[in-house]
Amino acid sequence: MTTGEKTGVEIVDAALAERAAPLAEQLVADQAASKLAAQDATLWGPDAESEASIRLSWTTLHKSSRPLIGEIEALRTELRSEGVDRVVLAGMGGSSLAPEVITATDGVALTVLDTTDPGQVADALAGDLERTVIVVSSKSGGTVETDSHRRIFAKAFADAGIDAARRIVVVTDPGSPFQQLSEKEGYRKTFLADPHVGGRYSALTAFGLVPAGLAGADVARLLDQAASVAEELAADSADNPAVKLAAAWAAAHEAGAEKVVLADTGSGIKGFPDWAEQLIAESTGKQGTGLLPVAVESPEAAGFADAGDDATATAVGSPQGAAKIAVTGSLGAQFLLWEFATALAGRLIGINPFDQPDVEAAKKAARALLDDPEKLKGGEEPSNVDGPVEIFGSDGVSTEGSLTDVLRAFFASAPDAGYIAVQAYLDRLDDASTSLLRGEIAKRTGKQTTFGWGPRFLHSTGQYHKGGHQNGVFLQLTGAVEQDLDVPDRPYTLGQLQHAQALGDGQVLAEHGRPVLRLHLTDRAAGLAAVVRAVQEGGA
């Protein structure tokens with residue numbers, strides 16, 4: 001993790017800087033930064049006050065999380081003395097994205113399970129269980145993905161003759177049903193997180209620090225990095241980096257650039273755009289407005305290098321290429337800076353950055369499907385089949401002709417200033433090449449294109465998809481399951497859960513009037529190759 005790099009925000013584009021200046025001055029005049037640091041819940045208006053009043057403890061985590069350091073190190077030492085040095089994390093959204101960035105940046109191994117794909121979970125189970133501890137992170141314990149992982153690993157430990165309770169560590173909120181379950185089951189240790197922090201702001205809570213620290217990341221340094229910028233971020237000054245960033249985003253949004261394209265430009269931080277994606281999308285994407293983050297592969301990538309008037313290219317690192325904004329700093333500093341900036345941007349845009357009113361709808365739809373397994377067993381007839389790809393479309397989506405024809409018509413249905421969202425309910429490791437579709441589609445259509453692994457994006461950009469600007473079209477990819485996994489003491493398998501999540505989200509998007517095209521790969525490798533060919537032939 002870099003430590004010495006100066007934290008700063010540079011608005012590279014002169015026109016954007018000019019438009020942002022009055023908004024920055026407005027934040028300064030309103031004393032918004034200092035009030036935020038003081039946890040003033042009135043900053044986002046009366047409708048947001050009750051939620052904001054229990055969601056602002058993240059502003060002081062660089063101090064309040066210090067006691068965790070010793071606890072984490074003590075447990076890590078204990079585990080190592082027992083030969084347990086492989087850490088698996090079961091967590092979704094904020095519970096997995098921050099630890100993944102922290103450990104990747106620090107160069108330490110962490111196996112992250114934020115999936116319901118049976119193949120990916122089976123791969124994690126195939127690791128050396130004798131050396132494995134699983135950290136199960138959930139504010140309530142009711143998150144269906146993490147509950148499934150906990151059940152599957154507990155059984156696997158028991159089947160291997162390992163005391164499961166000694167190998168399960170819990171991170172949860174105080175007084176939650178999960179805390180009670182952990183105590184009842186006698187799990188190795190329960191870490192209690194600050195309950196007054198929402199998931200996407202939780203990087204510096206137990207949710208971010210425990211799995212990363214157990215894996216070997218230097219979490220004390222992370223808190224030092226955040227502490228080094230805390231005073232600057234609380235200053236009512238137009239030079240405050242959070243004020244500058246919030247004002248630039250809001251000014252761009254006001255001018256029609258509701259998308260923020262994120263590329264790493266040599267920051268030394270691994271995977272930061274994926275973490276920022278959840279923070280920005282879930283915080284701002286509601287009431288038909290907000291900022292859509294588009295995480296891309298590099299500053300040369302389609303969407304960043306050729307960003308149009310509907311998007312603001314934002315570099316994580318030094319300004320390069322088409323970047324209109326560049327943000328520099330160490331990882332701990334960046335966590336706090338982007339959180340401050342997002343909350344301040346919410347004030348300028350006019351939304352509550354701490355609720356997520358549209359996230360629950362997809363979960364409810366998935367649960368309804370799981371409660372009616374007949375709907376999952378078959379009964380679905382594709383509108384069309386092209387080789388190893390079955391084609392399903394929501395009302396109004398053309399499924400006629402070849403796969404190339406279908407994709408060409410579908411991409412053309414996205415408004416000029418709209419976006420295409422690729423949602424892959426597949427194995428993030430074995431099917432990793434699926435992510436290449438983002439750049440291919442963006443390059444060939446000229447439209448901003450996002451990519452998300454299902455179901456993890458449901459805890460991230462899923463809020464924006466339903467609550468933000470309603471100008472997206474949604475390409476879902478699902479795949480045949482070769483070997484399914486039972487979820488102990490539950491009436492469904494992982495494969496059925498994954499399928500229900502895809503169908504449930506598609507159903508909710510269609511109810512919002514958004515076009516949804518689902519391509520089911522009856523053979524994953526052959527199907528993916530067919531989709532790539534069709535994109536290359538039909539995208540332009």
# chains A, B, ... in the order shown; residues from 1 in each chain; ligands from 1
$ select_by_dssp --residues "range 212-350 of chain A" --states "strand (DSSP E or B)" --output "list of chain:residue names"
A:Lys259, A:Val260, A:Val261, A:Leu262, A:Ala263, A:Asp264, A:Thr265, A:Gly266, A:Lys286, A:Thr289, A:Leu292, A:Pro293, A:Val294, A:Ala295, A:Ala311, A:Thr312, A:Ala313, A:Thr314, A:Ala315, A:Val316, A:Gly317, A:Ile325, A:Ala326, A:Val327, A:Thr328
$ residues_around --residues "Leu497 in chain A" --least-positions-apart "4" --cutoff "7 Å" --atoms "only C-alpha atoms" --output "list in words"
Thr116, Leu370, Tyr492, Thr493 and Gln501 of chain A
$ closest_residue --among "A:Gly538, A:Gly527, A:Gly506, A:Pro195" --to "Lys363 in chain A" --atoms "only C-alpha atoms"
A:Gly506
$ atom_distance --atom1 "CA of Arg444 in chain A" --atom2 "CA of Gly308 in chain A"
14.5 Å
$ residues_around --residues "Phe451 in chain A" --least-positions-apart "6" --cutoff "6 Å" --atoms "only C-alpha atoms" --output "list of chain:residue names"
A:Ala421, A:Val422, A:Arg438
$ write_last_selection --atoms "all heavy atoms" --output "PDB file, in the first residue's frame"
ATOM      1  N   ALA A 421     -25.790  -2.335 -19.799  1.00  0.00           N
ATOM      2  CA  ALA A 421     -25.270  -3.028 -18.610  1.00  0.00           C
ATOM      3  C   ALA A 421     -25.159  -4.517 -18.922  1.00  0.00           C
ATOM      4  O   ALA A 421     -26.154  -5.144 -19.290  1.00  0.00           O
ATOM      5  CB  ALA A 421     -26.181  -2.805 -17.413  1.00  0.00           C
ATOM      6  N   VAL A 422     -23.970  -5.059 -18.789  1.00  0.00           N
ATOM      7  CA  VAL A 422     -23.752  -6.508 -18.957  1.00  0.00           C
ATOM      8  C   VAL A 422     -23.717  -7.121 -17.564  1.00  0.00           C
ATOM      9  O   VAL A 422     -22.941  -6.695 -16.711  1.00  0.00           O
ATOM     10  CB  VAL A 422     -22.428  -6.801 -19.688  1.00  0.00           C
ATOM     11  CG1 VAL A 422     -22.278  -8.302 -19.936  1.00  0.00           C
ATOM     12  CG2 VAL A 422     -22.363  -6.034 -21.004  1.00  0.00           C
ATOM     13  N   ARG A 438     -17.345  -6.151 -21.967  1.00  0.00           N
ATOM     14  CA  ARG A 438     -17.598  -4.735 -21.699  1.00  0.00           C
ATOM     15  C   ARG A 438     -16.907  -3.846 -22.722  1.00  0.00           C
ATOM     16  O   ARG A 438     -17.529  -3.008 -23.368  1.00  0.00           O
ATOM     17  CB  ARG A 438     -17.132  -4.364 -20.276  1.00  0.00           C
ATOM     18  CG  ARG A 438     -17.658  -2.988 -19.831  1.00  0.00           C
ATOM     19  CD  ARG A 438     -16.665  -2.215 -18.995  1.00  0.00           C
ATOM     20  NE  ARG A 438     -15.520  -1.772 -19.774  1.00  0.00           N
ATOM     21  CZ  ARG A 438     -15.512  -0.700 -20.582  1.00  0.00           C
ATOM     22  NH1 ARG A 438     -16.598   0.037 -20.729  1.00  0.00           N
ATOM     23  NH2 ARG A 438     -14.424  -0.367 -21.264  1.00  0.00           N
TER      24      ARG A 438
END
$ select_by_dssp --residues "range 416-524 of chain A" --states "alpha helix (DSSP H)" --output "JSON, numbers by chain"
{"A": [436, 437, 438, 439, 440, 441, 442, 443, 444, 445, 462, 463, 464, 465, 466, 467, 494, 495, 496, 497, 498, 499, 500, 501, 502, 503, 504, 505, 506, 507, 508, 509, 510, 511, 524]}
$ closest_atom_pairs --of "range 194-229 of chain A" --to "range 159-180 of chain A" --cutoff "8 Å" --atoms "only C-alpha atoms" --output "CSV"
residue,atom,partner,partner_atom,distance
A:Asp194,CA,A:Asp173,CA,6.7
A:Pro195,CA,A:Asp173,CA,5.4
A:Ala206,CA,A:Val171,CA,6.7
A:Phe207,CA,A:Val171,CA,6.3
A:Val210,CA,A:Val171,CA,7.8
$ closest_residue --among "A:Gln463, A:Ser182, A:Thr205, A:Ser81" --to "Ser57 in chain A" --atoms "only C-alpha atoms"
A:Thr205
$ closest_atom_pairs --of "range 188-248 of chain A" --to "range 280-290 of chain A" --cutoff "12 Å" --atoms "only C-alpha atoms" --output "CSV"
residue,atom,partner,partner_atom,distance
A:Gly198,CA,A:Ser283,CA,10.2
A:Gly199,CA,A:Glu282,CA,10.1
A:Arg200,CA,A:Glu282,CA,7.8
A:Tyr201,CA,A:Ser283,CA,9.6
A:Ala246,CA,A:Ile280,CA,11.0
$ write_last_selection --atoms "all heavy atoms" --output "JSON list (two decimals), in the first residue's frame"
[["chain", "number", "residue", "atom", "x", "y", "z"],
["A", 198, "GLY", "N", -23.25, 2.38, 7.09],
["A", 198, "GLY", "CA", -23.83, 1.53, 6.06],
["A", 198, "GLY", "C", -22.75, 0.73, 5.34],
["A", 198, "GLY", "O", -21.57, 1.09, 5.36],
["A", 199, "GLY", "N", -23.16, -0.34, 4.68],
["A", 199, "GLY", "CA", -22.21, -1.26, 4.07],
["A", 199, "GLY", "C", -21.21, -0.62, 3.13],
["A", 199, "GLY", "O", -20.02, -0.94, 3.15],
["A", 200, "ARG", "N", -21.67, 0.30, 2.31],
["A", 200, "ARG", "CA", -20.77, 0.86, 1.29],
["A", 200, "ARG", "C", -19.78, 1.87, 1.87],
["A", 200, "ARG", "O", -18.83, 2.25, 1.20],
["A", 200, "ARG", "CB", -21.58, 1.47, 0.15],
["A", 200, "ARG", "CG", -22.57, 2.54, 0.57],
["A", 200, "ARG", "CD", -23.49, 2.89, -0.59],
["A", 200, "ARG", "NE", -24.53, 3.83, -0.27],
["A", 200, "ARG", "CZ", -25.72, 3.52, 0.24],
["A", 200, "ARG", "NH1", -26.00, 2.26, 0.52],
["A", 200, "ARG", "NH2", -26.64, 4.44, 0.46],
["A", 201, "TYR", "N", -20.02, 2.31, 3.11],
["A", 201, "TYR", "CA", -19.09, 3.21, 3.80],
["A", 201, "TYR", "C", -18.25, 2.47, 4.84],
["A", 201, "TYR", "O", -17.63, 3.09, 5.69],
["A", 201, "TYR", "CB", -19.88, 4.34, 4.49],
["A", 201, "TYR", "CG", -20.54, 5.31, 3.52],
["A", 201, "TYR", "CD1", -21.79, 5.03, 2.96],
["A", 201, "TYR", "CD2", -19.93, 6.50, 3.16],
["A", 201, "TYR", "CE1", -22.41, 5.91, 2.08],
["A", 201, "TYR", "CE2", -20.54, 7.39, 2.28],
["A", 201, "TYR", "CZ", -21.78, 7.09, 1.74],
["A", 201, "TYR", "OH", -22.38, 7.95, 0.86],
["A", 246, "ALA", "N", -16.63, 16.46, -5.23],
["A", 246, "ALA", "CA", -18.09, 16.50, -5.20],
["A", 246, "ALA", "C", -18.63, 17.57, -6.14],
["A", 246, "ALA", "O", -19.59, 17.35, -6.88],
["A", 246, "ALA", "CB", -18.56, 16.77, -3.77]]
$ residues_around --residues "Ser95 in chain A" --least-positions-apart "5" --cutoff "12 Å" --atoms "only C-alpha atoms" --output "ChimeraX atom specification"
/A:89-90,100-101,112-114,135-141,143,145-146,170-172,193,197-212,275,278,456,459-460
$ residues_around --residues "range 337-350 of chain A" --least-positions-apart "2" --cutoff "6 Å" --atoms "only C-alpha atoms" --output "list in words"
Trp44, Ala242, Leu245, Ala246, Ala250, Gln334, Phe335 and Pro353 of chain A
$ residues_around --residues "Glu82 in chain A" --least-positions-apart "2" --cutoff "12 Å" --atoms "only C-alpha atoms" --output "list in words"
Leu75, Arg76, Thr77, Glu78, Leu79, Arg80, Val84, Asp85, Arg86, Glu130, Arg131, Thr132, Val133, Arg166 and Arg167 of chain A
$ write_last_selection --atoms "all heavy atoms" --output "compact mmCIF listing (two decimals), in the first residue's frame"
# COMPACT_ATOMS: atom_id res chain seq x y z
N LEU A 75 -5.88 -12.78 16.97
CA LEU A 75 -6.54 -13.94 16.35
C LEU A 75 -5.68 -14.52 15.22
O LEU A 75 -5.56 -15.74 15.09
CB LEU A 75 -7.93 -13.55 15.83
CG LEU A 75 -8.70 -14.68 15.13
CD1 LEU A 75 -8.88 -15.89 16.05
CD2 LEU A 75 -10.07 -14.18 14.64
N ARG A 76 -5.09 -13.63 14.45
CA ARG A 76 -4.24 -14.11 13.34
C ARG A 76 -3.06 -14.94 13.89
O ARG A 76 -2.73 -16.00 13.34
CB ARG A 76 -3.70 -12.91 12.54
CG ARG A 76 -2.85 -13.32 11.35
CD ARG A 76 -2.57 -12.12 10.44
NE ARG A 76 -1.82 -12.55 9.28
CZ ARG A 76 -0.49 -12.46 9.18
NH1 ARG A 76 0.23 -11.94 10.17
NH2 ARG A 76 0.13 -12.88 8.10
N THR A 77 -2.45 -14.48 14.95
CA THR A 77 -1.33 -15.21 15.57
C THR A 77 -1.79 -16.57 16.07
O THR A 77 -1.11 -17.59 15.87
CB THR A 77 -0.74 -14.38 16.73
OG1 THR A 77 -0.30 -13.12 16.21
CG2 THR A 77 0.44 -15.09 17.36
N GLU A 78 -2.95 -16.60 16.72
CA GLU A 78 -3.52 -17.87 17.20
C GLU A 78 -3.73 -18.85 16.06
O GLU A 78 -3.35 -20.01 16.13
CB GLU A 78 -4.89 -17.59 17.84
CG GLU A 78 -4.92 -17.41 19.32
CD GLU A 78 -6.37 -17.20 19.76
OE1 GLU A 78 -7.28 -17.91 19.29
OE2 GLU A 78 -6.60 -16.29 20.58
N LEU A 79 -4.38 -18.35 15.01
CA LEU A 79 -4.69 -19.21 13.87
C LEU A 79 -3.41 -19.74 13.23
O LEU A 79 -3.31 -20.93 12.91
CB LEU A 79 -5.54 -18.45 12.84
CG LEU A 79 -6.99 -18.13 13.26
CD1 LEU A 79 -7.60 -17.10 12.33
CD2 LEU A 79 -7.84 -19.40 13.27
N ARG A 80 -2.43 -18.86 13.04
CA ARG A 80 -1.17 -19.28 12.43
C ARG A 80 -0.49 -20.37 13.27
O ARG A 80 0.11 -21.29 12.75
CB ARG A 80 -0.23 -18.09 12.26
CG ARG A 80 -0.72 -17.04 11.25
CD ARG A 80 -0.60 -17.56 9.83
NE ARG A 80 -1.32 -16.73 8.89
CZ ARG A 80 -0.77 -16.08 7.87
NH1 ARG A 80 0.53 -16.14 7.69
NH2 ARG A 80 -1.50 -15.40 7.04
N VAL A 84 -3.36 -22.57 10.54
CA VAL A 84 -4.49 -22.05 9.74
C VAL A 84 -4.08 -20.70 9.15
O VAL A 84 -4.01 -19.69 9.86
CB VAL A 84 -5.76 -21.90 10.62
CG1 VAL A 84 -6.91 -21.32 9.80
CG2 VAL A 84 -6.15 -23.24 11.21
N ASP A 85 -3.78 -20.69 7.85
CA ASP A 85 -3.28 -19.47 7.23
C ASP A 85 -3.97 -19.16 5.90
O ASP A 85 -3.54 -18.27 5.16
CB ASP A 85 -1.77 -19.57 7.01
CG ASP A 85 -1.39 -20.75 6.11
OD1 ASP A 85 -2.29 -21.51 5.67
OD2 ASP A 85 -0.18 -20.93 5.85
N ARG A 86 -5.04 -19.86 5.60
CA ARG A 86 -5.81 -19.58 4.37
C ARG A 86 -7.13 -18.95 4.79
O ARG A 86 -7.91 -19.55 5.53
CB ARG A 86 -6.06 -20.87 3.59
CG ARG A 86 -6.95 -20.69 2.36
CD ARG A 86 -7.15 -22.02 1.61
NE ARG A 86 -8.00 -21.85 0.43
CZ ARG A 86 -9.27 -22.30 0.35
NH1 ARG A 86 -9.83 -22.93 1.36
NH2 ARG A 86 -9.95 -22.10 -0.76
N GLU A 130 -7.83 -27.95 5.87
CA GLU A 130 -7.05 -28.06 7.11
C GLU A 130 -6.41 -26.72 7.48
O GLU A 130 -6.15 -26.44 8.65
CB GLU A 130 -5.94 -29.12 6.96
CG GLU A 130 -6.45 -30.54 6.88
CD GLU A 130 -7.01 -31.05 8.21
OE1 GLU A 130 -6.67 -30.47 9.26
OE2 GLU A 130 -7.79 -32.02 8.18
N ARG A 131 -6.16 -25.87 6.47
CA ARG A 131 -5.49 -24.59 6.70
C ARG A 131 -6.45 -23.40 6.61
O ARG A 131 -6.03 -22.25 6.60
CB ARG A 131 -4.38 -24.39 5.65
CG ARG A 131 -3.25 -25.38 5.73
CD ARG A 131 -2.28 -25.21 4.54
NE ARG A 131 -2.10 -23.82 4.18
CZ ARG A 131 -2.28 -23.32 2.96
NH1 ARG A 131 -2.64 -24.11 1.96
NH2 ARG A 131 -2.07 -22.04 2.71
N THR A 132 -7.76 -23.68 6.55
CA THR A 132 -8.72 -22.64 6.18
C THR A 132 -9.55 -22.13 7.36
O THR A 132 -10.04 -22.91 8.18
CB THR A 132 -9.69 -23.19 5.10
OG1 THR A 132 -8.93 -23.53 3.93
CG2 THR A 132 -10.76 -22.17 4.74
N VAL A 133 -9.71 -20.82 7.42
CA VAL A 133 -10.70 -20.17 8.27
C VAL A 133 -11.62 -19.37 7.36
O VAL A 133 -11.14 -18.77 6.38
CB VAL A 133 -10.05 -19.26 9.34
CG1 VAL A 133 -9.23 -18.14 8.69
CG2 VAL A 133 -11.09 -18.67 10.29
N ARG A 166 -14.61 -23.78 15.28
CA ARG A 166 -13.29 -23.19 15.47
C ARG A 166 -12.77 -22.52 14.20
O ARG A 166 -11.77 -21.79 14.24
CB ARG A 166 -12.28 -24.28 15.88
CG ARG A 166 -12.58 -24.93 17.20
CD ARG A 166 -12.22 -24.06 18.37
NE ARG A 166 -10.79 -23.81 18.49
CZ ARG A 166 -10.25 -22.87 19.24
NH1 ARG A 166 -11.02 -22.05 19.92
NH2 ARG A 166 -8.94 -22.71 19.31
N ARG A 167 -13.43 -22.78 13.08
CA ARG A 167 -12.94 -22.25 11.80
C ARG A 167 -13.87 -21.20 11.21
O ARG A 167 -13.71 -20.82 10.06
CB ARG A 167 -12.78 -23.39 10.80
CG ARG A 167 -11.78 -24.44 11.21
CD ARG A 167 -10.37 -23.85 11.40
NE ARG A 167 -9.41 -24.90 11.66
CZ ARG A 167 -8.82 -25.63 10.71
NH1 ARG A 167 -9.09 -25.38 9.44
NH2 ARG A 167 -7.98 -26.57 11.04
$ residues_around --residues "range 120-129 of chain A" --least-positions-apart "6" --cutoff "9 Å" --atoms "only C-alpha atoms" --output "list in words"
Val84, Arg86, Val88, Thr111, Val112, Leu113, His149, Ile152, Phe153, Ala156, Phe157, Ala160, Ile162, Leu426, Asp427, Arg428, Leu429, Asp430, Gln483, Asp484, Leu485 and Leu494 of chain A
$ write_last_selection --atoms "N, CA, C and O atoms" --output "short mmCIF file (atom, residue, chain, number, x, y, z; two decimals), in the first residue's frame"
data_model
loop_
_atom_site.label_atom_id
_atom_site.label_comp_id
_atom_site.auth_asym_id
_atom_site.auth_seq_id
_atom_site.Cartn_x
_atom_site.Cartn_y
_atom_site.Cartn_z
N VAL A 84 -3.36 -22.57 10.54
CA VAL A 84 -4.49 -22.05 9.74
C VAL A 84 -4.08 -20.70 9.15
O VAL A 84 -4.01 -19.69 9.86
N ARG A 86 -5.04 -19.86 5.60
CA ARG A 86 -5.81 -19.58 4.37
C ARG A 86 -7.13 -18.95 4.79
O ARG A 86 -7.91 -19.55 5.53
N VAL A 88 -10.78 -17.37 3.82
CA VAL A 88 -11.87 -17.26 2.86
C VAL A 88 -12.86 -16.24 3.42
O VAL A 88 -13.16 -16.27 4.62
N THR A 111 -9.32 -15.36 -0.39
CA THR A 111 -10.31 -15.97 -1.29
C THR A 111 -11.65 -15.34 -1.00
O THR A 111 -12.19 -15.48 0.11
N VAL A 112 -12.19 -14.61 -1.97
CA VAL A 112 -13.44 -13.87 -1.77
C VAL A 112 -14.60 -14.64 -2.41
O VAL A 112 -14.57 -14.94 -3.60
N LEU A 113 -15.61 -14.92 -1.59
CA LEU A 113 -16.84 -15.54 -2.09
C LEU A 113 -17.94 -14.50 -2.07
O LEU A 113 -18.51 -14.21 -1.01
N HIS A 149 -23.15 -19.73 2.06
CA HIS A 149 -21.72 -20.06 2.17
C HIS A 149 -21.39 -20.62 3.55
O HIS A 149 -20.64 -21.59 3.67
N ILE A 152 -22.62 -24.19 3.81
CA ILE A 152 -21.84 -25.11 2.97
C ILE A 152 -20.47 -25.38 3.59
O ILE A 152 -20.02 -26.54 3.65
N PHE A 153 -19.82 -24.34 4.08
CA PHE A 153 -18.49 -24.53 4.68
C PHE A 153 -18.56 -25.27 6.01
O PHE A 153 -17.70 -26.09 6.33
N ALA A 156 -18.79 -28.81 5.15
CA ALA A 156 -17.53 -29.31 4.59
C ALA A 156 -16.48 -29.52 5.69
O ALA A 156 -15.76 -30.53 5.69
N PHE A 157 -16.40 -28.59 6.63
CA PHE A 157 -15.48 -28.76 7.76
C PHE A 157 -15.84 -30.03 8.54
O PHE A 157 -14.98 -30.86 8.85
N ALA A 160 -14.96 -33.19 6.92
CA ALA A 160 -13.51 -33.44 6.90
C ALA A 160 -12.96 -33.72 8.31
O ALA A 160 -11.74 -33.82 8.49
N ILE A 162 -13.16 -31.70 10.88
CA ILE A 162 -12.65 -30.45 11.47
C ILE A 162 -13.77 -29.82 12.30
O ILE A 162 -14.93 -29.79 11.88
N LEU A 426 -22.23 -15.84 -13.71
CA LEU A 426 -21.31 -16.92 -14.08
C LEU A 426 -20.21 -17.01 -13.03
O LEU A 426 -20.28 -16.37 -11.98
N ASP A 427 -19.18 -17.79 -13.31
CA ASP A 427 -18.06 -18.01 -12.40
C ASP A 427 -17.02 -16.93 -12.65
O ASP A 427 -16.42 -16.86 -13.73
N ARG A 428 -16.78 -16.09 -11.64
CA ARG A 428 -15.90 -14.93 -11.82
C ARG A 428 -14.46 -15.34 -12.13
O ARG A 428 -13.70 -14.56 -12.68
N LEU A 429 -14.08 -16.57 -11.78
CA LEU A 429 -12.72 -17.04 -12.03
C LEU A 429 -12.66 -17.86 -13.32
O LEU A 429 -11.96 -17.51 -14.26
N ASP A 430 -13.43 -18.95 -13.39
CA ASP A 430 -13.36 -19.82 -14.57
C ASP A 430 -13.92 -19.16 -15.82
O ASP A 430 -13.52 -19.49 -16.93
N GLN A 483 -22.09 -29.04 -12.14
CA GLN A 483 -22.19 -29.77 -10.88
C GLN A 483 -22.72 -28.82 -9.83
O GLN A 483 -22.04 -27.88 -9.42
N ASP A 484 -23.95 -29.07 -9.38
CA ASP A 484 -24.59 -28.15 -8.44
C ASP A 484 -24.15 -28.47 -7.01
O ASP A 484 -23.56 -29.52 -6.74
N LEU A 485 -24.42 -27.54 -6.11
CA LEU A 485 -24.11 -27.72 -4.69
C LEU A 485 -25.38 -27.54 -3.88
O LEU A 485 -26.09 -26.52 -4.04
N LEU A 494 -27.40 -24.14 -4.79
CA LEU A 494 -26.77 -22.86 -5.18
C LEU A 494 -27.15 -22.49 -6.60
O LEU A 494 -27.40 -21.31 -6.90
#
$ closest_residue --among "A:His253, A:Lys244, A:Arg66, A:Lys364" --to "Ala21 in chain A" --atoms "only C-alpha atoms"
A:Lys244
